[in-house]
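Asks: Take a look at the following structure, please.
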Amino acid sequence: MSKALEVKEVSKLYKDYFAVNQLSFDIERGTIFGLLGPNGAGKTTLLRMITGILIPDHGEIYVQGQKTDLVSNARFIGYMPEERGLYKKMKAEEQAIYLAQLKGLPYNLAKEKVKYWFDKLDMNSWRDKKVEEVSKGMGQKLQFVCTVIHEPVLIILDEPFSGLDPLNADIIKNEIYDLAEKGATVIFSTHRMEQVEEICEQIVLMNKGKIILNDTVVNAKKDFQKGAYIIKGERLEYLPPENELYSGEKLTNKEFKFCLKEGKKTKELLAYLSNQDIELSSLALDTPTLNEIFIELVKGDNS
Amino acid sequence: MKKIFLIAYRDFSIRIRNKTFLISTLLLPIGIVLFYGTIFFFTSTDTDTHRIGVIDSSQSIFPKLNNEDNFVFKSLDKVIASREDIEEEDKIDAILIVPSHADSISFGRIEILTYTKLGMLTKNKLEAKLQNIIETNRFERIDIDIKKIEEIKSPVKLVYRSISGGEENELKEGIAYALSFGLGIMMYVILTIYGAQVMRGVMEEKTNRIVEIIISSVRPFELLLGKIIGIGMVSFLQLSVWGSFILIINLAIGIVFGIHELKSLPADMPMSAAASIASNPEFLHAMQGLQSIDYIPIFGLFIFYFISGFFLYSSLFAAVGASVGDDPQDVQSLMMPIMMPIFLSFIFLSKSVNNPNCTEAVIASMIPFTSPVVMMSRVVFGIPEGVPLWQLLVSMAIMLLTMVFFIFLASRIYKTGILLYGKKVSWKEMIQWIFIK
């Protein structure tokens, strides 16, 4: 079976710099995929090329094995851009039907689908309200509905949670899980790492138009571990910051971070700690957050 | 293709449901009704009967005052101070006091005492009556036959014949003048108002940030075309409402006053039966002239220049709308180069209505940016009198080619501009966008 998305040596040149430079990666079907990167990394340009809004200067993009093209894409890609809005003077239901029709759904089917989603997301009381009359959160929900209404196999969400309150964000998040379970592939672009960590299985980290990391979330975290441990407990304040066993750092009065010196084992550390008469409540590997990985990589890349 | 229709339909339906559209569509017919009403009011006789008492001791004037034109004259001996005790049918509106020497040449003054205010029209008629009687009296006094004078004064008519043989109808020319100005202005209004609507529609989609959602479903070119067609339909609907209204009014007046019978009569023949229907022959004459113009080619060409001119200008307006950032103030400077030719066509229009074949008019009707306004004004004067057929065909061909070319250019600018936010754009950059893949 062909992959959900294949990006092959894609470049896009703006005036005097590469917004996207020789980029290659692919995504398996049914994956929730995170596209990360600082502002100006080229994420939006890449997403626009995947949808077919922009045409790459070099390279090729395949969606479900077919070369990307705006018209044929429309039916099976659902794109929620970062810069998004709705017609303010149009009624919510009317607008959703219109956008579904533009995706190629016949009117009756569009109407049916709108009804399904409005029921599901509890939006029926807003059906006949103009967009300018409803809350911002409701507008965001409507945008989400418009993105997925034609049952796309590839859903591209650019900063989907910006401006959403936690309650609505949670609703949308669950819908995303739901869609992925049903077989849709989701590309999730953001610079909010904690969301990616929570939702995504695979990530690509971009900086200055290039990929600087392409891995699963689990592997990435493993790779960036530095053999550090964090212990929690009582009377940690008496521990010396460094000795022949470790170099450490007091985080709080009840948290302490160790890095074992070369050749030393965890066993030795535990023995040392019990000798020091410390009451341990937990000892854990210090896994880096994606945020830390992100900052480290981008800083290293920029310097 | 189906998507273009969807977009056009949305833009069309959302605008015709708007209150402003309803108001502006109805306002013009109301204006026309008022216009015709005013003409009718001033050319028709008013129906109120005016009773005028006359104190004329010399009896030089009263016997000659006929009870016509809604005037009833009644001889009186003295001024009545109060009308209260007079019976209803004897109530008078005014008293004319004729001095004994009223018709002498040196004296030209008659007083009138009014009980109720007399209208402007009534006053004029009364004055004309008196002037007539006094003139006749004066002629009689010096023994001149008034009939001879009238014979001498019989008018000379200058008849223009064009070299191709047809007799020129002065009246037709006057009406053509008005019509050509009217059509020129109408075209101007459509291009500016509805062209600007296309621009605002594009800007709305851009500032609303919905445009990227839409162009992930349809090509930017389809969106642009759909929008232009949709708004074009709105303006077409509005024009049709106005047009059919004018037609209905014209027909209604025609039927009421029997202009169609009149039309078949030679101008010199006495307007016997038909003329007696209408109370005012001048009014009829004007209506007759209105119907002497050949409307079918004018209508066809109006549609042609309307569509092509609208596409040409609104695609440019759309390019501007797509290029401005979030600051509406940038619009003004970018709009200038587009508005310029429209203003210019207005200047050429004033030339061409006076002389549809002058050099300025010929040139301006070839340039596609001015031709919709200027060519329409020439066409009204007839083919080939106002514009030779070959010029018309060349102008139409240039128009079509330019339209296609500029829609292409504009759609390139539109495609790039619509996704860029925040930055102020220069013309130089817009031209660079044309070449972006």
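By order in the structure tokens, chains are A, B, ...; within a chain, residues start at 1; ligands start at 1, following the order shown.
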Which residues of chain B come within 10 Å of chain A, and what is each one's closest atom pair and distance in Å (one decimal), counting only C-alpha atoms, sorted by chain and residue number, as a Markdown table?

Replies:
```
| residue | atom | partner | partner_atom | distance |
| --- | --- | --- | --- | --- |
| B:Lys2 | CA | A:Leu102 | CA | 8.9 |
| B:Lys3 | CA | A:Leu102 | CA | 6.1 |
| B:Ile4 | CA | A:Leu102 | CA | 9.2 |
| B:Leu6 | CA | A:Leu102 | CA | 7.3 |
| B:Ile7 | CA | A:Leu102 | CA | 8.2 |
| B:Arg10 | CA | A:Tyr98 | CA | 8.2 |
| B:Ile14 | CA | A:Met90 | CA | 8.1 |
| B:Glu204 | CA | A:Tyr87 | CA | 8.2 |
| B:Glu205 | CA | A:Tyr87 | CA | 7.3 |
| B:Lys206 | CA | A:Gly85 | CA | 9.2 |
| B:Thr207 | CA | A:Gly85 | CA | 8.5 |
| B:Asn208 | CA | A:Gly85 | CA | 5.2 |
| B:Arg209 | CA | A:Gly85 | CA | 4.5 |
| B:Ile210 | CA | A:Gly85 | CA | 4.5 |
| B:Val211 | CA | A:Arg84 | CA | 7.9 |
| B:Glu212 | CA | A:Pro81 | CA | 6.7 |
| B:Ile213 | CA | A:Pro81 | CA | 6.7 |
| B:Ile214 | CA | A:Leu99 | CA | 7.3 |
| B:Ile215 | CA | A:Ile53 | CA | 6.7 |
| B:Ser216 | CA | A:Ile53 | CA | 6.1 |
| B:Ser217 | CA | A:Ala74 | CA | 4.7 |
| B:Val218 | CA | A:Val71 | CA | 6.6 |
| B:Arg219 | CA | A:Leu70 | CA | 7.1 |
| B:Pro220 | CA | A:Ile53 | CA | 8.6 |
| B:Lys415 | CA | A:Ile53 | CA | 9.2 |
| B:Thr416 | CA | A:Leu54 | CA | 9.3 |
| B:Leu419 | CA | A:Glu83 | CA | 9.2 |
| B:Tyr421 | CA | A:Glu83 | CA | 9.4 |
| B:Ile436 | CA | A:Tyr14 | CA | 9.6 |
| B:Lys437 | CA | A:Ile55 | CA | 7.3 |
```

Asks: Give me a file of those residues, with N, CA and C atoms, as a PDB file, in the first residue's frame.

Replies:
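Writing the result to result-v2.pdb gives the following:
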```pdb
ATOM      1  N   LYS B   2     -18.068  23.652 -12.248  1.00  0.00           N
ATOM      2  CA  LYS B   2     -19.155  23.605 -11.279  1.00  0.00           C
ATOM      3  C   LYS B   2     -18.809  24.464 -10.062  1.00  0.00           C
ATOM      4  N   LYS B   3     -17.520  24.461  -9.733  1.00  0.00           N
ATOM      5  CA  LYS B   3     -17.097  25.236  -8.562  1.00  0.00           C
ATOM      6  C   LYS B   3     -17.180  26.729  -8.835  1.00  0.00           C
ATOM      7  N   ILE B   4     -16.863  27.123 -10.081  1.00  0.00           N
ATOM      8  CA  ILE B   4     -17.003  28.540 -10.434  1.00  0.00           C
ATOM      9  C   ILE B   4     -18.453  28.961 -10.242  1.00  0.00           C
ATOM     10  N   LEU B   6     -20.636  27.591  -8.219  1.00  0.00           N
ATOM     11  CA  LEU B   6     -20.927  27.646  -6.778  1.00  0.00           C
ATOM     12  C   LEU B   6     -20.479  28.969  -6.173  1.00  0.00           C
ATOM     13  N   ILE B   7     -19.263  29.369  -6.538  1.00  0.00           N
ATOM     14  CA  ILE B   7     -18.712  30.616  -6.000  1.00  0.00           C
ATOM     15  C   ILE B   7     -19.528  31.807  -6.491  1.00  0.00           C
ATOM     16  N   ARG B  10     -22.816  31.993  -4.681  1.00  0.00           N
ATOM     17  CA  ARG B  10     -22.731  32.517  -3.314  1.00  0.00           C
ATOM     18  C   ARG B  10     -22.597  34.034  -3.328  1.00  0.00           C
ATOM     19  N   ILE B  14     -25.663  36.286  -1.801  1.00  0.00           N
ATOM     20  CA  ILE B  14     -25.417  37.005  -0.552  1.00  0.00           C
ATOM     21  C   ILE B  14     -25.633  38.506  -0.755  1.00  0.00           C
ATOM     22  N   GLU B 204     -12.258  41.311   1.524  1.00  0.00           N
ATOM     23  CA  GLU B 204     -12.991  40.698   2.629  1.00  0.00           C
ATOM     24  C   GLU B 204     -12.482  39.271   2.856  1.00  0.00           C
ATOM     25  N   GLU B 205     -12.354  38.516   1.763  1.00  0.00           N
ATOM     26  CA  GLU B 205     -11.892  37.140   1.900  1.00  0.00           C
ATOM     27  C   GLU B 205     -10.473  37.083   2.436  1.00  0.00           C
ATOM     28  N   LYS B 206      -9.690  38.081   2.054  1.00  0.00           N
ATOM     29  CA  LYS B 206      -8.313  38.075   2.513  1.00  0.00           C
ATOM     30  C   LYS B 206      -8.234  38.449   3.993  1.00  0.00           C
ATOM     31  N   THR B 207      -8.908  39.515   4.383  1.00  0.00           N
ATOM     32  CA  THR B 207      -8.812  39.935   5.782  1.00  0.00           C
ATOM     33  C   THR B 207      -9.569  38.984   6.706  1.00  0.00           C
ATOM     34  N   ASN B 208     -10.602  38.333   6.202  1.00  0.00           N
ATOM     35  CA  ASN B 208     -11.313  37.318   6.983  1.00  0.00           C
ATOM     36  C   ASN B 208     -10.480  36.066   7.162  1.00  0.00           C
ATOM     37  N   ARG B 209      -9.449  35.947   6.374  1.00  0.00           N
ATOM     38  CA  ARG B 209      -8.583  34.768   6.410  1.00  0.00           C
ATOM     39  C   ARG B 209      -9.306  33.498   5.965  1.00  0.00           C
ATOM     40  N   ILE B 210     -10.330  33.660   5.135  1.00  0.00           N
ATOM     41  CA  ILE B 210     -11.004  32.439   4.679  1.00  0.00           C
ATOM     42  C   ILE B 210     -10.399  31.980   3.364  1.00  0.00           C
ATOM     43  N   VAL B 211      -9.637  32.886   2.738  1.00  0.00           N
ATOM     44  CA  VAL B 211      -9.222  32.617   1.368  1.00  0.00           C
ATOM     45  C   VAL B 211      -8.352  31.368   1.260  1.00  0.00           C
ATOM     46  N   GLU B 212      -7.498  31.135   2.277  1.00  0.00           N
ATOM     47  CA  GLU B 212      -6.610  29.971   2.167  1.00  0.00           C
ATOM     48  C   GLU B 212      -7.402  28.669   2.275  1.00  0.00           C
ATOM     49  N   ILE B 213      -8.481  28.729   3.061  1.00  0.00           N
ATOM     50  CA  ILE B 213      -9.348  27.544   3.160  1.00  0.00           C
ATOM     51  C   ILE B 213      -9.978  27.261   1.796  1.00  0.00           C
ATOM     52  N   ILE B 214     -10.421  28.337   1.143  1.00  0.00           N
ATOM     53  CA  ILE B 214     -11.092  28.150  -0.138  1.00  0.00           C
ATOM     54  C   ILE B 214     -10.126  27.683  -1.224  1.00  0.00           C
ATOM     55  N   ILE B 215      -8.935  28.321  -1.256  1.00  0.00           N
ATOM     56  CA  ILE B 215      -8.043  27.920  -2.352  1.00  0.00           C
ATOM     57  C   ILE B 215      -7.338  26.599  -2.068  1.00  0.00           C
ATOM     58  N   SER B 216      -7.663  25.952  -0.949  1.00  0.00           N
ATOM     59  CA  SER B 216      -7.213  24.566  -0.836  1.00  0.00           C
ATOM     60  C   SER B 216      -8.253  23.642  -1.471  1.00  0.00           C
ATOM     61  N   SER B 217      -9.383  24.232  -1.906  1.00  0.00           N
ATOM     62  CA  SER B 217     -10.414  23.431  -2.591  1.00  0.00           C
ATOM     63  C   SER B 217     -10.549  23.786  -4.066  1.00  0.00           C
ATOM     64  N   VAL B 218     -10.344  25.061  -4.396  1.00  0.00           N
ATOM     65  CA  VAL B 218     -10.488  25.481  -5.791  1.00  0.00           C
ATOM     66  C   VAL B 218      -9.259  26.280  -6.200  1.00  0.00           C
ATOM     67  N   ARG B 219      -9.017  26.342  -7.490  1.00  0.00           N
ATOM     68  CA  ARG B 219      -7.885  27.131  -7.969  1.00  0.00           C
ATOM     69  C   ARG B 219      -8.187  28.610  -7.750  1.00  0.00           C
ATOM     70  N   PRO B 220      -7.142  29.408  -7.446  1.00  0.00           N
ATOM     71  CA  PRO B 220      -7.369  30.849  -7.248  1.00  0.00           C
ATOM     72  C   PRO B 220      -8.080  31.474  -8.448  1.00  0.00           C
ATOM     73  N   LYS B 415      -3.160  35.483  -7.311  1.00  0.00           N
ATOM     74  CA  LYS B 415      -2.743  34.202  -6.743  1.00  0.00           C
ATOM     75  C   LYS B 415      -1.666  34.373  -5.674  1.00  0.00           C
ATOM     76  N   THR B 416      -0.707  35.238  -5.946  1.00  0.00           N
ATOM     77  CA  THR B 416       0.375  35.428  -4.982  1.00  0.00           C
ATOM     78  C   THR B 416      -0.058  36.369  -3.863  1.00  0.00           C
ATOM     79  N   LEU B 419      -2.153  35.450  -0.498  1.00  0.00           N
ATOM     80  CA  LEU B 419      -1.605  34.704   0.636  1.00  0.00           C
ATOM     81  C   LEU B 419      -0.588  35.495   1.453  1.00  0.00           C
ATOM     82  N   TYR B 421       0.400  38.587   3.897  1.00  0.00           N
ATOM     83  CA  TYR B 421      -0.253  39.472   4.853  1.00  0.00           C
ATOM     84  C   TYR B 421       0.720  40.512   5.403  1.00  0.00           C
ATOM     85  N   ILE B 436       5.812  34.734 -11.075  1.00  0.00           N
ATOM     86  CA  ILE B 436       6.000  33.633 -10.127  1.00  0.00           C
ATOM     87  C   ILE B 436       5.241  32.407 -10.615  1.00  0.00           C
ATOM     88  N   LYS B 437       5.901  31.264 -10.474  1.00  0.00           N
ATOM     89  CA  LYS B 437       5.294  30.022 -10.963  1.00  0.00           C
ATOM     90  C   LYS B 437       4.107  29.625 -10.092  1.00  0.00           C
TER      91      LYS B 437
END
```

Asks: Would you list the contacts of A:Gln140 as a list in words, taking every protein, DNA or RNA residue within 9 Å and counting only C-alpha atoms, but skipping same-chain residues closer than 3 positions in sequence?

Replies: Gly85, Ser135, Lys136, Gly137, Gln143, Phe144, Val145, Pro160, Phe161, Gly163, Leu164 and Asn168 of chain A

Asks: Run DSSP on the backbone and tell me which residues of stretch 68-210 of chain B come out as strand (DSSP E); list them as a list in words.

Replies: Phe71, Val72, Phe73, Lys74, Ser75, Ala94, Ile95, Leu96, Ile97, Val98, Glu111, Ile112, Leu113 and Thr114 of chain B

Asks: Could those residues be written to a file, using C-alpha atoms, as a PDB file, in the first residue's frame?

Replies:
```pdb
ATOM      1  CA  PHE B  71     -60.531  79.802 -16.682  1.00  0.00           C
ATOM      2  CA  VAL B  72     -63.985  81.180 -16.049  1.00  0.00           C
ATOM      3  CA  PHE B  73     -64.237  84.945 -16.409  1.00  0.00           C
ATOM      4  CA  LYS B  74     -67.051  86.939 -14.889  1.00  0.00           C
ATOM      5  CA  SER B  75     -67.748  90.625 -15.259  1.00  0.00           C
ATOM      6  CA  ALA B  94     -59.046  86.758  -8.154  1.00  0.00           C
ATOM      7  CA  ILE B  95     -60.227  90.070  -9.563  1.00  0.00           C
ATOM      8  CA  LEU B  96     -58.664  91.570 -12.623  1.00  0.00           C
ATOM      9  CA  ILE B  97     -58.836  95.352 -12.603  1.00  0.00           C
ATOM     10  CA  VAL B  98     -58.487  96.621 -16.135  1.00  0.00           C
ATOM     11  CA  GLU B 111     -53.587  94.822 -11.497  1.00  0.00           C
ATOM     12  CA  ILE B 112     -54.999  91.640 -10.141  1.00  0.00           C
ATOM     13  CA  LEU B 113     -56.290  91.149  -6.626  1.00  0.00           C
ATOM     14  CA  THR B 114     -56.058  87.582  -5.427  1.00  0.00           C
TER      15      THR B 114
END
```

Asks: Can you tell me which residues surround B:Lys125 at a distance of at most 12 Å, considering only C-alpha atoms, apart from same-chain residues fewer than 2 positions away, and format the answer as a PyMOL selection string?

Replies: chain B and resi 45-46+50+68-71+118-123+127-132

Asks: Print the selection's residues with N, CA and C atoms to a file, as a PDB file, in the first residue's frame.

Replies:
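As written to disk, part.pdb reads:
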```
ATOM      1  N   THR B  45     -52.246  70.273 -18.472  1.00  0.00           N
ATOM      2  CA  THR B  45     -52.962  71.390 -17.856  1.00  0.00           C
ATOM      3  C   THR B  45     -53.496  70.927 -16.517  1.00  0.00           C
ATOM      4  N   ASP B  46     -53.493  71.864 -15.585  1.00  0.00           N
ATOM      5  CA  ASP B  46     -54.066  71.456 -14.312  1.00  0.00           C
ATOM      6  C   ASP B  46     -55.593  71.520 -14.412  1.00  0.00           C
ATOM      7  N   HIS B  50     -60.329  78.019 -12.451  1.00  0.00           N
ATOM      8  CA  HIS B  50     -60.041  79.293 -11.794  1.00  0.00           C
ATOM      9  C   HIS B  50     -61.106  80.307 -12.206  1.00  0.00           C
ATOM     10  N   GLU B  68     -61.737  79.374 -21.378  1.00  0.00           N
ATOM     11  CA  GLU B  68     -61.065  78.128 -21.769  1.00  0.00           C
ATOM     12  C   GLU B  68     -59.862  77.917 -20.868  1.00  0.00           C
ATOM     13  N   ASP B  69     -59.190  76.828 -21.042  1.00  0.00           N
ATOM     14  CA  ASP B  69     -58.025  76.487 -20.204  1.00  0.00           C
ATOM     15  C   ASP B  69     -58.355  76.538 -18.719  1.00  0.00           C
ATOM     16  N   ASN B  70     -59.536  76.092 -18.370  1.00  0.00           N
ATOM     17  CA  ASN B  70     -59.958  76.077 -16.978  1.00  0.00           C
ATOM     18  C   ASN B  70     -60.124  77.471 -16.361  1.00  0.00           C
ATOM     19  N   PHE B  71     -60.235  78.466 -17.207  1.00  0.00           N
ATOM     20  CA  PHE B  71     -60.531  79.802 -16.682  1.00  0.00           C
ATOM     21  C   PHE B  71     -62.015  80.117 -16.885  1.00  0.00           C
ATOM     22  N   LEU B 118     -52.556  81.949  -6.721  1.00  0.00           N
ATOM     23  CA  LEU B 118     -52.588  81.316  -8.034  1.00  0.00           C
ATOM     24  C   LEU B 118     -51.248  80.650  -8.303  1.00  0.00           C
ATOM     25  N   GLY B 119     -51.291  79.486  -8.942  1.00  0.00           N
ATOM     26  CA  GLY B 119     -50.052  78.763  -9.248  1.00  0.00           C
ATOM     27  C   GLY B 119     -49.256  79.468 -10.329  1.00  0.00           C
ATOM     28  N   MET B 120     -48.009  79.127 -10.378  1.00  0.00           N
ATOM     29  CA  MET B 120     -47.078  79.692 -11.348  1.00  0.00           C
ATOM     30  C   MET B 120     -47.601  79.526 -12.776  1.00  0.00           C
ATOM     31  N   LEU B 121     -48.063  78.302 -13.071  1.00  0.00           N
ATOM     32  CA  LEU B 121     -48.512  77.977 -14.412  1.00  0.00           C
ATOM     33  C   LEU B 121     -49.741  78.801 -14.795  1.00  0.00           C
ATOM     34  N   THR B 122     -50.655  78.925 -13.818  1.00  0.00           N
ATOM     35  CA  THR B 122     -51.884  79.684 -14.047  1.00  0.00           C
ATOM     36  C   THR B 122     -51.565  81.146 -14.319  1.00  0.00           C
ATOM     37  N   LYS B 123     -50.629  81.667 -13.516  1.00  0.00           N
ATOM     38  CA  LYS B 123     -50.235  83.063 -13.696  1.00  0.00           C
ATOM     39  C   LYS B 123     -49.693  83.290 -15.101  1.00  0.00           C
ATOM     40  N   GLU B 127     -51.289  85.663 -18.047  1.00  0.00           N
ATOM     41  CA  GLU B 127     -50.486  86.749 -18.600  1.00  0.00           C
ATOM     42  C   GLU B 127     -50.435  86.652 -20.126  1.00  0.00           C
ATOM     43  N   ALA B 128     -50.250  85.419 -20.608  1.00  0.00           N
ATOM     44  CA  ALA B 128     -50.186  85.213 -22.051  1.00  0.00           C
ATOM     45  C   ALA B 128     -51.500  85.602 -22.727  1.00  0.00           C
ATOM     46  N   LYS B 129     -52.594  85.244 -22.098  1.00  0.00           N
ATOM     47  CA  LYS B 129     -53.912  85.606 -22.629  1.00  0.00           C
ATOM     48  C   LYS B 129     -54.047  87.119 -22.787  1.00  0.00           C
ATOM     49  N   LEU B 130     -53.716  87.821 -21.706  1.00  0.00           N
ATOM     50  CA  LEU B 130     -53.861  89.276 -21.714  1.00  0.00           C
ATOM     51  C   LEU B 130     -52.942  89.905 -22.753  1.00  0.00           C
ATOM     52  N   GLN B 131     -51.719  89.389 -22.820  1.00  0.00           N
ATOM     53  CA  GLN B 131     -50.744  89.895 -23.780  1.00  0.00           C
ATOM     54  C   GLN B 131     -51.303  89.785 -25.198  1.00  0.00           C
ATOM     55  N   ASN B 132     -51.895  88.633 -25.477  1.00  0.00           N
ATOM     56  CA  ASN B 132     -52.485  88.372 -26.777  1.00  0.00           C
ATOM     57  C   ASN B 132     -53.585  89.373 -27.133  1.00  0.00           C
TER      58      ASN B 132
END
```

Asks: Give me, as a ChimeraX atom specification, all polymer residues having an atom no more than 9 Å from B:Phe12, counting only C-alpha atoms and skipping those fewer than 3 positions away in the same chain.

Replies: /B:7-9,15-17,227,229-234

Asks: Could the residues in this selection be saved with C-alpha atoms as a PDB file, in the first residue's frame?

Replies:
```pdb
ATOM      1  CA  ILE B   7     -18.712  30.616  -6.000  1.00  0.00           C
ATOM      2  CA  ALA B   8     -20.603  32.899  -8.362  1.00  0.00           C
ATOM      3  CA  TYR B   9     -23.889  31.815  -6.860  1.00  0.00           C
ATOM      4  CA  ARG B  15     -25.499  40.403  -2.226  1.00  0.00           C
ATOM      5  CA  ILE B  16     -29.040  40.408  -3.511  1.00  0.00           C
ATOM      6  CA  ARG B  17     -30.271  39.478  -0.045  1.00  0.00           C
ATOM      7  CA  LYS B 227     -16.455  36.229  -7.828  1.00  0.00           C
ATOM      8  CA  ILE B 229     -19.243  36.527 -12.496  1.00  0.00           C
ATOM      9  CA  GLY B 230     -21.297  36.572  -9.300  1.00  0.00           C
ATOM     10  CA  ILE B 231     -20.957  40.299  -8.777  1.00  0.00           C
ATOM     11  CA  GLY B 232     -21.414  40.883 -12.496  1.00  0.00           C
ATOM     12  CA  MET B 233     -24.740  39.060 -12.244  1.00  0.00           C
ATOM     13  CA  VAL B 234     -25.761  41.318  -9.385  1.00  0.00           C
TER      14      VAL B 234
END
```
